[in-house]
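One file, coords_33.cif, carrying mmCIF, C-alpha atoms:
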```
data_upload
#
loop_
_atom_site.label_atom_id
_atom_site.label_comp_id
_atom_site.auth_asym_id
_atom_site.auth_seq_id
_atom_site.Cartn_x
_atom_site.Cartn_y
_atom_site.Cartn_z
CA MET A 1 -67.74 1.94 -106.08
CA LEU A 2 -69.91 4.93 -106.96
CA GLU A 3 -71.44 4.72 -103.49
CA LEU A 4 -67.95 4.79 -101.95
CA PHE A 5 -67.04 8.00 -103.79
CA ARG A 6 -70.36 9.48 -102.73
CA THR A 7 -69.55 8.63 -99.10
CA LEU A 8 -66.15 10.32 -99.40
CA ASN A 9 -68.06 13.56 -100.06
CA GLN A 10 -70.17 13.12 -96.92
CA ARG A 11 -69.24 15.14 -93.84
CA TRP A 12 -70.18 12.31 -91.45
CA PHE A 13 -67.43 10.13 -92.96
CA TRP A 14 -64.71 12.71 -92.33
CA TYR A 15 -65.99 13.41 -88.82
CA SER A 16 -65.71 9.65 -88.25
CA VAL A 17 -62.10 9.79 -89.45
CA LEU A 18 -61.49 12.66 -87.00
CA THR A 19 -62.95 10.47 -84.23
CA ILE A 20 -60.51 7.70 -85.17
CA LEU A 21 -57.60 10.17 -84.97
CA GLY A 22 -58.82 11.69 -81.68
CA TRP A 23 -59.30 8.33 -80.00
CA ALA A 24 -55.98 7.03 -81.37
CA GLY A 25 -54.29 10.07 -79.77
CA TRP A 26 -56.20 9.32 -76.56
CA ALA A 27 -55.01 5.68 -76.55
CA LEU A 28 -51.38 6.57 -77.29
CA LEU A 29 -51.15 9.34 -74.68
CA LEU A 30 -52.87 7.10 -72.15
CA LYS A 31 -50.42 4.31 -72.85
CA ILE A 32 -47.49 6.65 -72.18
CA GLY A 33 -49.04 8.48 -69.23
CA SER A 34 -50.52 5.48 -67.43
CA GLU A 35 -47.16 3.85 -66.72
CA GLU A 36 -47.35 4.91 -63.07
CA ILE A 37 -50.97 6.09 -62.73
CA PRO A 38 -53.58 3.42 -61.83
CA SER A 39 -56.92 3.20 -63.69
CA GLU A 40 -59.18 5.22 -61.41
CA PRO A 41 -56.94 8.28 -60.87
CA SER A 42 -56.23 8.07 -64.60
CA LEU A 43 -59.97 8.17 -65.37
CA PHE A 44 -60.32 11.15 -63.00
CA LEU A 45 -57.54 13.02 -64.85
CA GLN A 46 -58.91 12.12 -68.29
CA THR A 47 -62.34 13.43 -67.39
CA THR A 48 -60.73 16.61 -66.10
CA GLY A 49 -58.96 16.84 -69.45
CA MET A 50 -62.34 16.87 -71.21
CA ILE A 51 -63.47 20.02 -69.36
CA PRO A 52 -61.45 22.59 -71.42
CA LEU A 53 -63.23 21.67 -74.66
CA ALA A 54 -66.62 21.90 -72.92
CA LEU A 55 -65.68 25.34 -71.53
CA ILE A 56 -64.50 26.52 -74.96
CA LEU A 57 -67.78 25.37 -76.53
CA VAL A 58 -69.83 27.10 -73.83
CA ALA A 59 -67.77 30.30 -74.07
CA ALA A 60 -68.00 30.31 -77.86
CA GLY A 61 -71.75 29.87 -77.67
CA SER A 62 -71.50 26.74 -79.83
CA SER A 63 -73.45 24.79 -77.25
CA ARG A 64 -76.50 27.02 -77.66
CA GLY A 65 -79.15 26.27 -80.23
CA THR A 66 -82.16 24.02 -79.94
CA GLN A 67 -82.60 23.26 -76.24
CA SER A 68 -84.53 20.02 -76.40
CA LYS A 69 -84.88 18.66 -72.87
CA LEU A 70 -85.01 15.13 -74.21
CA GLY A 71 -81.85 15.75 -76.25
CA VAL A 72 -80.07 17.06 -73.14
CA LEU A 73 -81.28 14.04 -71.15
CA TYR A 74 -79.96 11.62 -73.79
CA SER A 75 -76.60 13.47 -73.80
CA LEU A 76 -76.39 13.40 -70.01
CA LEU A 77 -77.23 9.68 -69.98
CA ASN A 78 -74.58 9.21 -72.67
CA GLY A 79 -71.91 10.52 -70.28
CA ILE A 80 -73.25 8.69 -67.22
CA ILE A 81 -73.62 5.32 -69.00
CA THR A 82 -70.15 5.62 -70.57
CA GLY A 83 -68.75 6.26 -67.09
CA ILE A 84 -70.68 3.33 -65.60
CA GLY A 85 -69.42 1.13 -68.46
CA ILE A 86 -65.82 2.10 -67.68
CA LEU A 87 -66.35 1.46 -63.94
CA CYS A 88 -67.86 -1.98 -64.77
CA LEU A 89 -64.86 -2.71 -66.97
CA LEU A 90 -62.46 -1.83 -64.15
CA ALA A 91 -64.56 -3.89 -61.71
CA ALA A 92 -64.43 -6.87 -64.11
CA TYR A 93 -60.63 -6.72 -64.17
CA ARG A 94 -60.48 -6.31 -60.39
CA SER A 95 -62.83 -9.23 -59.67
CA GLY A 96 -60.60 -11.73 -61.37
CA GLY A 97 -61.68 -11.56 -65.01
CA ASN A 98 -59.17 -12.78 -67.55
CA THR A 99 -57.82 -9.62 -69.23
CA SER A 100 -58.15 -10.99 -72.78
CA VAL A 101 -61.65 -12.38 -72.27
CA VAL A 102 -62.91 -9.13 -70.72
CA ALA A 103 -61.25 -7.01 -73.44
CA VAL A 104 -62.53 -9.19 -76.30
CA THR A 105 -66.07 -9.38 -74.91
CA THR A 106 -66.40 -5.63 -74.34
CA SER A 107 -64.90 -4.92 -77.79
CA LEU A 108 -68.05 -6.43 -79.31
CA TYR A 109 -70.03 -3.27 -78.42
CA PRO A 110 -70.64 -2.19 -82.06
CA LEU A 111 -72.76 -5.34 -82.43
CA VAL A 112 -74.91 -4.23 -79.47
CA THR A 113 -75.34 -0.78 -81.04
CA PHE A 114 -76.28 -2.44 -84.35
CA ALA A 115 -78.75 -4.78 -82.62
CA LEU A 116 -80.41 -1.77 -80.96
CA ALA A 117 -80.23 0.68 -83.89
CA VAL A 118 -82.01 -1.61 -86.35
CA PRO A 119 -85.28 -1.99 -84.40
CA LEU A 120 -85.22 1.31 -82.47
CA LEU A 121 -83.82 3.76 -85.04
CA HIS A 122 -85.06 1.80 -88.07
CA GLU A 123 -81.59 1.85 -89.60
CA LYS A 124 -80.88 -0.48 -92.49
CA LEU A 125 -77.48 -1.64 -93.66
CA THR A 126 -76.56 -3.03 -97.07
CA LYS A 127 -75.04 -6.53 -97.24
CA LEU A 128 -71.62 -4.95 -97.84
CA GLN A 129 -71.98 -2.75 -94.76
CA ILE A 130 -72.98 -5.79 -92.67
CA CYS A 131 -69.80 -7.51 -93.90
CA GLY A 132 -67.96 -4.31 -92.90
CA LEU A 133 -69.52 -4.41 -89.43
CA LEU A 134 -68.42 -8.03 -88.98
CA LEU A 135 -64.90 -7.30 -90.25
CA ALA A 136 -64.65 -4.29 -87.94
CA THR A 137 -65.64 -6.54 -85.04
CA VAL A 138 -63.01 -9.13 -86.01
CA SER A 139 -60.44 -6.33 -86.27
CA ILE A 140 -61.28 -4.92 -82.81
CA VAL A 141 -61.22 -8.41 -81.28
CA LEU A 142 -57.75 -9.03 -82.78
CA PHE A 143 -56.46 -5.73 -81.38
CA SER A 144 -57.78 -6.54 -77.93
CA LEU A 145 -56.06 -9.94 -77.75
CA MET B 12 -77.37 -20.14 -64.21
CA HIS B 13 -74.63 -18.71 -62.00
CA LEU B 14 -72.91 -15.58 -63.24
CA THR B 15 -69.52 -14.85 -61.74
CA ALA B 16 -68.94 -11.24 -60.69
CA TRP B 17 -66.37 -10.51 -63.40
CA LEU B 18 -68.60 -11.91 -66.14
CA MET B 19 -71.56 -9.88 -64.91
CA PHE B 20 -69.45 -6.69 -64.89
CA THR B 21 -68.10 -7.52 -68.37
CA ILE B 22 -71.60 -7.99 -69.80
CA LEU B 23 -72.76 -4.78 -68.11
CA ALA B 24 -69.82 -2.87 -69.65
CA LEU B 25 -70.61 -4.36 -73.07
CA ILE B 26 -74.25 -3.30 -72.81
CA CYS B 27 -73.31 0.19 -71.58
CA PHE B 28 -70.87 0.80 -74.46
CA GLY B 29 -73.43 -0.53 -76.97
CA VAL B 30 -76.27 1.61 -75.59
CA VAL B 31 -74.03 4.71 -75.74
CA GLY B 32 -73.92 4.45 -79.57
CA LEU B 33 -77.71 4.55 -79.63
CA LEU B 34 -77.86 7.52 -77.22
CA GLN B 35 -75.33 9.45 -79.32
CA LYS B 36 -77.66 9.21 -82.31
CA LEU B 37 -80.81 9.95 -80.30
CA SER B 38 -79.23 13.04 -78.69
CA THR B 39 -77.85 14.52 -81.93
CA ASP B 40 -81.24 14.06 -83.59
CA LEU B 41 -82.50 16.65 -81.07
CA VAL B 42 -79.56 18.93 -80.16
CA SER B 43 -76.28 20.12 -81.70
CA ALA B 44 -73.15 17.97 -81.43
CA GLU B 45 -71.57 20.72 -79.28
CA LEU B 46 -74.45 20.81 -76.79
CA ALA B 47 -74.52 16.99 -76.72
CA LEU B 48 -70.79 16.97 -75.90
CA VAL B 49 -71.13 19.53 -73.11
CA TRP B 50 -73.87 17.46 -71.41
CA LEU B 51 -71.96 14.23 -72.04
CA ILE B 52 -69.02 15.75 -70.13
CA VAL B 53 -71.40 16.90 -67.36
CA GLY B 54 -72.62 13.29 -67.14
CA PHE B 55 -69.03 12.11 -66.93
CA LEU B 56 -68.28 14.67 -64.20
CA LEU B 57 -71.01 13.21 -61.99
CA LEU B 58 -68.74 10.19 -61.53
CA GLN B 59 -65.71 12.27 -60.49
CA PRO B 60 -66.43 12.06 -56.72
CA PHE B 61 -66.19 8.25 -56.96
CA LEU B 62 -62.84 8.50 -58.74
CA TYR B 63 -61.18 11.36 -56.85
CA PRO B 64 -57.78 10.02 -55.80
CA GLY B 65 -57.12 12.70 -53.15
CA ARG B 66 -53.53 13.44 -52.25
CA ALA B 67 -52.33 10.40 -54.22
CA LEU B 68 -52.34 12.68 -57.27
CA LEU B 69 -49.36 14.53 -55.80
CA HIS B 70 -47.24 11.39 -55.99
CA TYR B 71 -47.36 11.06 -59.78
CA SER B 72 -44.91 12.80 -62.07
CA SER B 73 -46.15 15.99 -63.72
CA ARG B 74 -45.15 14.53 -67.12
CA ASN B 75 -47.50 11.56 -66.72
CA ILE B 76 -50.29 13.72 -65.30
CA ALA B 77 -49.94 16.01 -68.34
CA MET B 78 -50.04 13.01 -70.70
CA VAL B 79 -53.23 11.57 -69.16
CA PHE B 80 -54.81 15.05 -69.09
CA ALA B 81 -53.94 15.46 -72.80
CA ALA B 82 -55.48 12.02 -73.41
CA GLY B 83 -58.70 13.45 -71.99
CA VAL B 84 -58.50 16.39 -74.41
CA CYS B 85 -58.11 13.94 -77.33
CA ASN B 86 -61.01 11.86 -75.99
CA ALA B 87 -63.21 14.98 -75.89
CA LEU B 88 -62.21 15.84 -79.46
CA GLY B 89 -63.00 12.29 -80.64
CA SER B 90 -66.31 12.32 -78.76
CA TRP B 91 -67.30 15.65 -80.33
CA ALA B 92 -66.39 14.32 -83.80
CA ILE B 93 -68.49 11.14 -83.43
CA LEU B 94 -71.46 13.25 -82.29
CA ALA B 95 -70.90 15.58 -85.28
CA ALA B 96 -70.74 12.54 -87.59
CA MET B 97 -74.13 11.40 -86.34
CA LYS B 98 -75.53 14.94 -86.49
CA CYS B 99 -74.46 15.09 -90.17
CA GLY B 100 -76.54 12.02 -90.97
CA GLY B 101 -74.19 9.14 -90.17
CA LYS B 102 -76.06 6.04 -89.05
CA ALA B 103 -75.25 4.79 -85.54
CA SER B 104 -74.87 1.25 -86.90
CA VAL B 105 -72.23 2.47 -89.40
CA VAL B 106 -70.42 5.23 -87.47
CA VAL B 107 -69.95 3.18 -84.26
CA PRO B 108 -68.14 0.21 -85.91
CA LEU B 109 -66.27 2.56 -88.26
CA THR B 110 -64.82 4.61 -85.40
CA ALA B 111 -64.20 1.50 -83.26
CA VAL B 112 -61.29 0.57 -85.53
CA TYR B 113 -59.16 3.45 -84.15
CA PRO B 114 -56.58 0.91 -82.82
CA ILE B 115 -55.37 0.69 -86.44
CA VAL B 116 -53.81 4.15 -86.07
CA VAL B 117 -52.43 3.21 -82.65
CA CYS B 118 -50.83 0.06 -84.11
CA LEU B 119 -49.34 1.99 -87.01
CA LEU B 120 -47.91 4.74 -84.78
CA ALA B 121 -46.80 2.55 -81.86
CA PRO B 122 -43.59 1.34 -83.58
CA LEU B 123 -42.60 4.97 -84.21
CA LEU B 124 -43.64 6.50 -80.88
CA LEU B 125 -43.44 3.61 -78.40
CA HIS B 126 -40.87 1.43 -80.18
CA GLU B 127 -43.30 -1.51 -80.17
CA HIS B 128 -43.54 -4.15 -82.88
CA ILE B 129 -46.69 -4.99 -84.82
CA SER B 130 -47.60 -8.65 -84.14
CA ALA B 131 -49.01 -10.95 -86.83
CA LEU B 132 -52.46 -10.78 -85.18
CA GLN B 133 -52.35 -6.99 -85.14
CA GLY B 134 -51.30 -7.06 -88.81
CA ILE B 135 -54.39 -9.12 -89.64
CA GLY B 136 -56.43 -6.72 -87.47
CA ILE B 137 -55.15 -3.76 -89.53
CA VAL B 138 -56.12 -5.48 -92.81
CA CYS B 139 -59.58 -6.40 -91.43
CA GLY B 140 -60.08 -2.89 -90.06
CA LEU B 141 -59.13 -1.16 -93.30
CA SER B 142 -61.40 -3.53 -95.26
CA ALA B 143 -64.17 -2.76 -92.75
CA ILE B 144 -63.79 1.00 -93.31
CA PHE B 145 -63.96 0.41 -97.09
CA LEU B 146 -67.10 -1.75 -96.78
CA LEU B 147 -68.88 0.42 -94.20
CA ALA B 148 -68.31 3.49 -96.37
CA SER B 149 -69.67 1.75 -99.47
#
```

Just give me the structure of the file as structure tokens.
Amino acid sequence: MLELFRTLNQRWFWYSVLTILGWAGWALLLKIGSEEIPSEPSLFLQTTGMIPLALILVAAGSSRGTQSKLGVLYSLLNGIITGIGILCLLAAYRSGGNTSVVAVTTSLYPLVTFALAVPLLHEKLTKLQICGLLLATVSIVLFSL
Amino acid sequence: MHLTAWLMFTILALICFGVVGLLQKLSTDLVSAELALVWLIVGFLLLQPFLYPGRALLHYSSRNIAMVFAAGVCNALGSWAILAAMKCGGKASVVVPLTAVYPIVVCLLAPLLLHEHISALQGIGIVCGLSAIFLLAS
């Protein structure tokens, strides 16, 4: 319990909450707006919608700072691989994949991150956090059904 | 073993989304969350030529175009926040599953905004997701 209160004072936790709110807004607006717009034009428009924040950050100078080439490469790959993932997802639906099976399978991605982060980033989770990871996975699977 | 096309694409998508969590942490270990977001968006933009719908865009209602555009703004905000969470010391293996439960908020708001009902499965999903947040934060 003490650990929980300690976490509530950590900035990373509240940034995570902001991510949840941002992505929930994304999902809701997409649900409303995608009634007549197919996936690929929708993805084009969404990506265009991301540009203003990038421009604001560049204009405000917030994007300056340590210019590690490797850091930039990882960030660039982050965008490219996310895009490829989305294109693969669309291709899976188009090539006859059962919607539920595709959605449930791809929703297991936190397990892949966990499987990579433990050996490559040397991250360790407590038993309670591992239970949390599994419950989060169950939750995401249920939402994608 | 024969992999059907859809299964191969599904597994590729799963791997891509999983690897992204790792890259988010690796990038914010070296650069600011803001710089990481700018380059992430540049990476995203490289795919735009493959997605450009041409004149078909003119056939959609301006209301729906505005909604999807606003969805992109929210996505950028969420992406910046997850990068900031990792920059502030959040572990990839904790932050990624924690933020992946965002459908909880969607499920809770959908009855109000979209007049949808919460199904029993979604109800269980909300309970599991909230418990997961509690456990991951502990």

Just say which residues the PyMOL selection byres ((chain B and resi 54-64) around 10) picks in this file, as an MDAnalysis selection string. (chainID A and resid 38:45 47:48 50:51 73 75:84 87) or (chainID B and resid 48:53 65:69)

If the PyMOL selection byres ((chain A) within 6 of (chain B)) were run on this exact file, what residues would it hold? Put them as a PyMOL selection string. chain A and resi 3-4+7+12+15-16+19-20+22-26+29-30+33+40-41+44-47+49-50+54+63+66+71+74-76+78-81+83+85+88-89+92+95+97+102+106+109-110+112-114+128-129+132-133+135-136+139+142-143

Mind working out the centre and edge lengths of an axis-aligned box for stretch 62-73 of chain B, all listed atoms inside, 5 Å added to each side, rounded to one decimal in Å and written as AutoDock Vina command-line options?
```
--center_x -53.9 --center_y 12.2 --center_z -58.0 --size_x 27.9 --size_y 17.5 --size_z 21.5
```

Between atom CA of A:Leu18 and atom CA of A:Gly61 - distance in Å to one decimal: 22.1 Å

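If you look at atom CA of A:Leu125 and atom CA of A:Leu2, they are 16.7 Å away from each other.
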
Expressed in Å, the length from atom CA of B:Ile129 to atom CA of A:Ile32 is 17.2 Å

Using the partial input, fill out stretch 67-98 of chain A with N, CA and C atoms; write the result as a compact mmCIF listing (two decimals), keeping the file's coordinate frame.
```txt
# COMPACT_ATOMS: atom_id res chain seq x y z
N GLN A 67 -82.76 23.79 -77.60
CA GLN A 67 -82.60 23.26 -76.24
C GLN A 67 -83.67 22.21 -75.98
N SER A 68 -83.57 21.09 -76.63
CA SER A 68 -84.53 20.02 -76.40
C SER A 68 -84.18 19.32 -75.08
N LYS A 69 -85.15 19.29 -74.16
CA LYS A 69 -84.88 18.66 -72.87
C LYS A 69 -84.55 17.18 -73.04
N LEU A 70 -85.25 16.55 -73.97
CA LEU A 70 -85.01 15.13 -74.21
C LEU A 70 -83.60 14.92 -74.77
N GLY A 71 -83.19 15.83 -75.67
CA GLY A 71 -81.85 15.75 -76.25
C GLY A 71 -80.78 15.89 -75.18
N VAL A 72 -81.01 16.84 -74.25
CA VAL A 72 -80.07 17.06 -73.14
C VAL A 72 -80.03 15.82 -72.25
N LEU A 73 -81.21 15.24 -72.00
CA LEU A 73 -81.28 14.04 -71.15
C LEU A 73 -80.51 12.89 -71.78
N TYR A 74 -80.70 12.69 -73.09
CA TYR A 74 -79.96 11.62 -73.79
C TYR A 74 -78.45 11.86 -73.69
N SER A 75 -78.03 13.15 -73.84
CA SER A 75 -76.60 13.47 -73.80
C SER A 75 -76.03 13.21 -72.41
N LEU A 76 -76.81 13.62 -71.40
CA LEU A 76 -76.39 13.40 -70.01
C LEU A 76 -76.26 11.90 -69.72
N LEU A 77 -77.26 11.15 -70.17
CA LEU A 77 -77.23 9.68 -69.98
C LEU A 77 -76.04 9.07 -70.71
N ASN A 78 -75.72 9.65 -71.87
CA ASN A 78 -74.58 9.21 -72.67
C ASN A 78 -73.30 9.23 -71.83
N GLY A 79 -73.09 10.38 -71.14
CA GLY A 79 -71.91 10.52 -70.28
C GLY A 79 -71.96 9.58 -69.09
N ILE A 80 -73.13 9.52 -68.43
CA ILE A 80 -73.25 8.69 -67.22
C ILE A 80 -73.05 7.21 -67.57
N ILE A 81 -73.70 6.76 -68.64
CA ILE A 81 -73.62 5.32 -69.00
C ILE A 81 -72.20 4.96 -69.48
N THR A 82 -71.55 5.90 -70.19
CA THR A 82 -70.15 5.62 -70.57
C THR A 82 -69.31 5.44 -69.31
N GLY A 83 -69.50 6.34 -68.35
CA GLY A 83 -68.75 6.26 -67.09
C GLY A 83 -69.03 4.96 -66.35
N ILE A 84 -70.32 4.58 -66.29
CA ILE A 84 -70.68 3.33 -65.60
C ILE A 84 -70.04 2.14 -66.33
N GLY A 85 -70.04 2.20 -67.66
CA GLY A 85 -69.42 1.13 -68.46
C GLY A 85 -67.94 0.98 -68.11
N ILE A 86 -67.26 2.14 -68.00
CA ILE A 86 -65.82 2.10 -67.68
C ILE A 86 -65.61 1.54 -66.26
N LEU A 87 -66.47 1.96 -65.32
CA LEU A 87 -66.35 1.46 -63.94
C LEU A 87 -66.60 -0.06 -63.90
N CYS A 88 -67.58 -0.53 -64.70
CA CYS A 88 -67.86 -1.98 -64.77
C CYS A 88 -66.65 -2.72 -65.33
N LEU A 89 -66.04 -2.11 -66.35
CA LEU A 89 -64.86 -2.71 -66.97
C LEU A 89 -63.73 -2.86 -65.94
N LEU A 90 -63.50 -1.79 -65.19
CA LEU A 90 -62.46 -1.83 -64.15
C LEU A 90 -62.81 -2.87 -63.08
N ALA A 91 -64.12 -2.92 -62.73
CA ALA A 91 -64.56 -3.89 -61.71
C ALA A 91 -64.38 -5.32 -62.22
N ALA A 92 -64.61 -5.53 -63.53
CA ALA A 92 -64.43 -6.87 -64.11
C ALA A 92 -62.98 -7.31 -64.00
N TYR A 93 -62.06 -6.38 -64.28
CA TYR A 93 -60.63 -6.72 -64.17
C TYR A 93 -60.26 -7.01 -62.71
N ARG A 94 -60.82 -6.17 -61.80
CA ARG A 94 -60.48 -6.31 -60.39
C ARG A 94 -61.04 -7.58 -59.77
N SER A 95 -62.20 -8.05 -60.30
CA SER A 95 -62.83 -9.23 -59.67
C SER A 95 -62.37 -10.54 -60.32
N GLY A 96 -61.23 -10.49 -60.93
CA GLY A 96 -60.60 -11.73 -61.37
C GLY A 96 -60.85 -12.13 -62.81
N GLY A 97 -61.43 -11.24 -63.60
CA GLY A 97 -61.68 -11.56 -65.01
C GLY A 97 -60.39 -11.66 -65.79
N ASN A 98 -60.34 -12.64 -66.69
CA ASN A 98 -59.17 -12.78 -67.55
C ASN A 98 -59.11 -11.55 -68.47
```
